[in-house]
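Read through the structure below, which is laid out as structure tokens, and then see the notes.
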Amino acid sequence: MADGGHEGNRPPRQNLQGLLQMAIEAGSAESDSTNQMEQMSEERKQWLQEAMSSAFAGQADEVKQMKECLQELSADTSSSEGEERKVRALELLADLCENLDNAADFCKLDGMNLLLSRYLECQESELRWRTADLIGICSQNVPFVQETVLSFGAMKKLLHLLDHDSSEEVRVKALFAVSCLVREQEAGLLEFIKQDGFSVLMRAMQSDVTKLKIKSAFLLQNLLHSHPEHKGTLCSMGMVQQLVSLLRTKHSPFHEYVLGALCSLVSDFPQGVNECRIPELAFEEFLKERCQLIHKQEEFQEELEYCERLLALCFRNFPEDNNMDR
């Protein structure tokens, strides 16, 4: 299954951490040859000094570029030309902040405060979606940035955009930023729950925006897998019934992600299994019919596997069947 939650395919940027790792690996590759190490040591030392000098100079230059971008974003201009300059500034910052060091420096320059106070909810939709995108890029795998973003109340604003914005692109990018703040980040997940984020995800899955539907279901599936302690809350919200109702809409690739989320919800969770077995849902019949519909279609193989797994988890309750599944 494709990663419905990943945003873009930007190439990794080189940074000081990568350079040091490369030097360590290069040295390790020759550690079994003392003579070779002795012969190469001066040459390697010179190469490393030059490379580090270049890297530090490059990083300083990138910090300068970030400062210039922030100056542009801080300027009060309302012309179309001024808006275009701000768009270019956000675009450049998104590229620079792929570097984890730059992402942290961006926060230290008070860039995140500027984004959240002036641009996340501004009138121009392109500035809004680029801002949400930049927040997500900065927040990926950088706890310091995540904590900074959350301290400015970003979760509430991002969920509001995801739930209500008139621009599809803004909603998709807001979901990307939310995902970067909740996955592998306990404080972010707690704030997400406090702001009723699961209800927002459900409404996103009920929207008419295919990309948003898929990414929302994918995020839900991942959160259920990594945080099973919240399954009870979701069941009490009627999540099983709502997910099953989504499966009864016109068949589409989105259903694979819904079924994946259901599998995560009921796995090792009897309450979820019981919800699936409510007679009014007629879920067993639905799963059998869906298996018949797609079993010969290779492009729906993962969806078929999810259907078969749900049948096994929820409707095969005889001891011999359970032993066979094990």
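In the structure tokens, chains take letters A, B, ... by order of appearance, with residues numbered from 1 within each chain and ligands from 1 in the order shown.
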
Requested in this report: Skip Met205 (chain A) itself and residues of its chain fewer than 6 positions away, then list as a ChimeraX atom specification all residues within 12 Å of it, counting only C-alpha atoms.
Outcome: /A:162-163,171-172,175,198-199,211-220,239,242-247,249,254-255,257-258,261

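Minimum atom-to-atom distance to Asp208 (chain A), evaluated using only C-alpha atoms, belongs to A:Glu168 out of A:Glu168, A:Phe152, A:Ser236, A:Phe192.
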
Requested in this report: Return as a PyMOL selection string the full set of residues in region 63-301 of chain A whose backbone-based DSSP assignment is helix (DSSP H, G or I).
Outcome: chain A and resi 63-74+80-96+100-108+111-119+125-139+143-151+154-164+168-182+186-194+197-205+210-226+228-236+239-247+254-266+270-276+279-281+283-294+298-301

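Comparing the minimum interatomic distances between Ile193 (chain A) and each of A:Met155, A:Leu304, A:Ala177, A:Cys138, counting only C-alpha atoms, we find that A:Met155 sits nearest.
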
Requested in this report: Work out how far CA of His295 (chain A) is from CA of Leu224 (chain A), in Å to one decimal.
Outcome: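 Taking CA of Leu224 (chain A) and CA of His295 (chain A), their separation equals 26.9 Å.
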
Query - Å distance separating CA of Asp133 (chain A) from CA of Lys173 (chain A), one decimal place - result: 5.3 Å

Query - Nearest to Ser151 (chain A), chosen from A:Leu134, A:Met112, A:Ile294, A:Val200, with only C-alpha atoms counted in the distances - result: A:Met112
